[in-house]
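See below for the structure under consideration.
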Amino acid sequence: MSRHQESDKSRPGSARQGGYKKTSNSRGNAPVKKAPSKFATKPEAAKEAPKAAKSPKRPSNPDEIRLNRYISNSGMCSRRDADIYIQSGNVKVNGVVITEMGYQVKLTDAVQFDGVNITPEKKEYILLNKPKNFSTAGDDAPGSANVLDLVRNATKANLIPVGRMDKTTTGLLLFTNDTEIVQKFTVPNQRSSKVYQVTLDKNLKFEDLERIQKGLTIEDHRVFVEEITYIEDQPKSEIGIKMKTSNVKVVRKIFEHLKYDVLKVDRVTFAGLTKKNLPRGDWRFLTEQEIINLKNS
């Protein structure tokens, strides 16, 4: 062993000299200091506090529903807005003003929202492009096809068709559980327009077209149309007629009164709704904007 090596034992040096490697604090090798986490719990707080006993849940009654949900399901407003109406004293149950949050009502209770009687069933609106051989009547013979069969799986709501259409008539038919809409579009003095395409057994004479445009008296009733035209690029037996009535029988009687046989009636528009992208036999839900337009039409 050399003298140089002996001196190295008493003063360790570099690794090449047989000593230990000195820890360097140069850039990149400085020891990482972990700051205490601000989320660290104190030793005494680390122990779990005993959990408070949960109060037993009130058994749910399938015949009852929270009042705000009842109102929301009726389609009047959202649950949050319903709470505001309840707190303001604008909701009555069986004639009594209710301001209690979370109040439970029975489905058989009479609920008034801002003076209007409501039901808890959400309002649904479905538009069908009706095919032939389906009737809207509720007294059909057993086994006959009814339009309700076409929309039966769309919703659990109790839908009814708006107006009546016979088996041979095709085109737009609205379904809803909104009784106000049903009444609005079935009363005689309606404001909304409907367009029908009518196929006759022969060409419609121009003088008869003018007579229809001026108005006819049929069975002691004066019948007016908004507009009547020949269908462009079609035989003169294809007629477009615009009226406010949703009663298809009136459309047929106009032409039968003038000795024409009506082969086909197709409703192509109904209160601003059209058959666009709705093939025959298919249905769809109305959009929110369409519902607003329908109520304002």
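The chains in the structure tokens are called A, B, ... from first to last as shown; in each chain the residues are counted from 1, and the ligands are counted from 1 in the order shown.
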I'd like a table as a Markdown table: residues in segment 68-121 of chain A with an atom no more than 10 Å from segment 167-185 of chain A, each row giving the shortest atom pair and its distance in Å to one decimal, only C-alpha atoms counted, sorted by chain and rising residue number.
```
| residue | atom | partner | partner_atom | distance |
| --- | --- | --- | --- | --- |
| A:Ser74 | CA | A:Asp178 | CA | 9.5 |
| A:Gly75 | CA | A:Asp178 | CA | 9.6 |
| A:Thr119 | CA | A:Asp178 | CA | 9.9 |
| A:Glu121 | CA | A:Asn177 | CA | 8.3 |
```
Which residues, written as a PyMOL selection string, have at least one atom at most 10 Å from Ser88 of chain A, with only C-alpha atoms counted and residues fewer than 5 positions away on the same chain left out?
-> chain A and resi 82-83+97-99
Would you put the residues from that selection into a file with C-alpha atoms, as a PDB file, in the first residue's frame?
```
ATOM      1  CA  ALA A  82     -92.927  25.577  -8.723  1.00  0.00           C
ATOM      2  CA  ASP A  83     -91.283  26.073  -5.315  1.00  0.00           C
ATOM      3  CA  VAL A  97    -103.421  27.453   0.020  1.00  0.00           C
ATOM      4  CA  ILE A  98    -100.219  25.412   0.526  1.00  0.00           C
ATOM      5  CA  THR A  99     -96.871  27.121   1.199  1.00  0.00           C
TER       6      THR A  99
END
```
All strand (DSSP E or B) positions in segment 57-250 of chain A, as an NGL selection string = :A and (64-66 or 91-93 or 96-97 or 104-106 or 111-113 or 116-118 or 125-130 or 135 or 146 or 160-161 or 170-176 or 194-200 or 216-218 or 221-223 or 227-230 or 238-243)
So how far away is atom CA of Val111 of chain A from atom CA of Ala154 of chain A, in Å?
->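 These atoms are spaced 27.1 Å apart.
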Shortest contact to Tyr260 of chain A, candidates A:Arg280, A:Lys202, A:His221, A:Lys236, atoms counted only C-alpha atoms, goes to A:Lys202
Please provide as a list in words all residues within 12 Å of Thr155 of chain A, with the sequence filter that same-chain residues fewer than 3 positions apart are discarded (counting only C-alpha atoms).
->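 Once the nearby chain positions are removed, what remains is Glu121, Lys122, Lys123, Glu124, Tyr125, Ile126, Leu148, Asp149, Leu150, Val151, Arg152, Asn158, Leu159, Ile160, Phe175, Thr176, Asn177, Trp283, Arg284 and Phe285 of chain A.
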Got a sec: who's within 10 Å of segment 187-193 of chain A, counting only C-alpha atoms, leaving out chain neighbours fewer than 3 positions off, as JSON, numbers by chain?
-> {"A": [163, 182, 183, 184, 225, 226, 242, 243, 244, 245, 246, 247, 269, 270, 271, 272, 294, 296, 297]}
Have a look at atom CA of Gln289 of chain A and atom CA of Asn277 of chain A and let me know their distance in Å, one decimal.
->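 For atom CA of Gln289 of chain A relative to atom CA of Asn277 of chain A, the distance reads 17.2 Å.
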Selection: 9 Å around Ile228 of chain A, only C-alpha atoms, excl. self and same-chain fewer than 5 positions, as a list of chain:residue names |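 Selected residues are A:Leu209, A:Glu210, A:Ile212, A:Gln213, A:Ile239, A:Gly240, A:Ile241, A:Lys242, A:Met243.
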Could you turn the residues from that selection into a file that holds C-alpha atoms, as a short mmCIF file (atom, residue, chain, number, x, y, z; two decimals), in the first residue's frame?
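result_32.cif, written as the output of this step:
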```cif
data_model
loop_
_atom_site.label_atom_id
_atom_site.label_comp_id
_atom_site.auth_asym_id
_atom_site.auth_seq_id
_atom_site.Cartn_x
_atom_site.Cartn_y
_atom_site.Cartn_z
CA LEU A 209 -113.18 26.63 -58.37
CA GLU A 210 -114.35 30.26 -58.36
CA ILE A 212 -115.77 27.54 -53.92
CA GLN A 213 -113.48 30.54 -53.49
CA ILE A 239 -106.64 20.51 -55.81
CA GLY A 240 -105.08 22.35 -52.90
CA ILE A 241 -107.52 23.88 -50.44
CA LYS A 242 -106.71 25.98 -47.36
CA MET A 243 -109.27 26.18 -44.55
#
```
Have a look at atom CA of Val162 of chain A and atom CA of Thr136 of chain A and let me know their distance in Å, one decimal.
-> 9.2 Å
Extract, using only C-alpha atoms, all DNA, RNA and protein residues at most 12 Å from Val223 of chain A, discarding same-chain residues fewer than 4 positions from it, and format them as a list in words.
->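 What passes the distance filter is Pro188, Arg211, Ile212, Gln213, Lys214, Gly215, Leu216, Thr217, Ile218, Glu219, Met243, Lys244, Thr245, Val250, Val251, Arg252, Lys253, Ile254, Phe255 and His257 of chain A.
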Would you export the selected residues with C-alpha atoms as an mmCIF file, in the first residue's frame, please?
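again.cif, written as the output of this step:
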```cif
data_model
loop_
_atom_site.group_PDB
_atom_site.id
_atom_site.type_symbol
_atom_site.label_atom_id
_atom_site.label_comp_id
_atom_site.auth_asym_id
_atom_site.auth_seq_id
_atom_site.Cartn_x
_atom_site.Cartn_y
_atom_site.Cartn_z
ATOM 1 C CA PRO A 188 -115.869 25.641 -34.991
ATOM 2 C CA ARG A 211 -117.651 29.286 -56.719
ATOM 3 C CA ILE A 212 -115.769 27.536 -53.922
ATOM 4 C CA GLN A 213 -113.481 30.536 -53.492
ATOM 5 C CA LYS A 214 -116.474 32.869 -53.067
ATOM 6 C CA GLY A 215 -118.148 30.561 -50.533
ATOM 7 C CA LEU A 216 -120.876 27.934 -50.686
ATOM 8 C CA THR A 217 -124.052 27.293 -48.748
ATOM 9 C CA ILE A 218 -124.135 23.622 -47.779
ATOM 10 C CA GLU A 219 -126.993 22.222 -45.680
ATOM 11 C CA MET A 243 -109.267 26.179 -44.554
ATOM 12 C CA LYS A 244 -109.453 26.768 -40.833
ATOM 13 C CA THR A 245 -111.595 23.722 -40.137
ATOM 14 C CA VAL A 250 -116.457 19.604 -44.516
ATOM 15 C CA VAL A 251 -113.671 19.363 -47.114
ATOM 16 C CA ARG A 252 -115.370 16.404 -48.765
ATOM 17 C CA LYS A 253 -118.802 18.018 -48.728
ATOM 18 C CA ILE A 254 -117.530 21.077 -50.609
ATOM 19 C CA PHE A 255 -116.735 18.998 -53.691
ATOM 20 C CA HIS A 257 -121.971 19.477 -53.241
#
```
Determine the nearest neighbour of Lys132 of chain A from the options A:Ala145, A:Lys92, A:Leu278, A:Tyr230, counting only C-alpha atoms.
->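 Counting only C-alpha atoms, the residue closest to Lys132 of chain A is A:Ala145.
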Choose the residue, out of A:Phe224, A:Leu127, A:Ala137, A:Glu238, that has the smallest atom-to-atom separation from Ile291 of chain A; count only C-alpha atoms.
->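 So, comparing all the options, the nearest one is A:Leu127.
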Rank nothing, just name the residue among A:Asn117, A:Thr199, A:Thr108, A:Asn94 nearest to Met76 of chain A, using only C-alpha atoms.
-> A:Asn117
Would you please give, as a PyMOL selection string, all residues of segment 87-242 of chain A that DSSP assigns to helix (DSSP H, G or I) based on the backbone?
-> chain A and resi 87+148-151+179-184+206-214
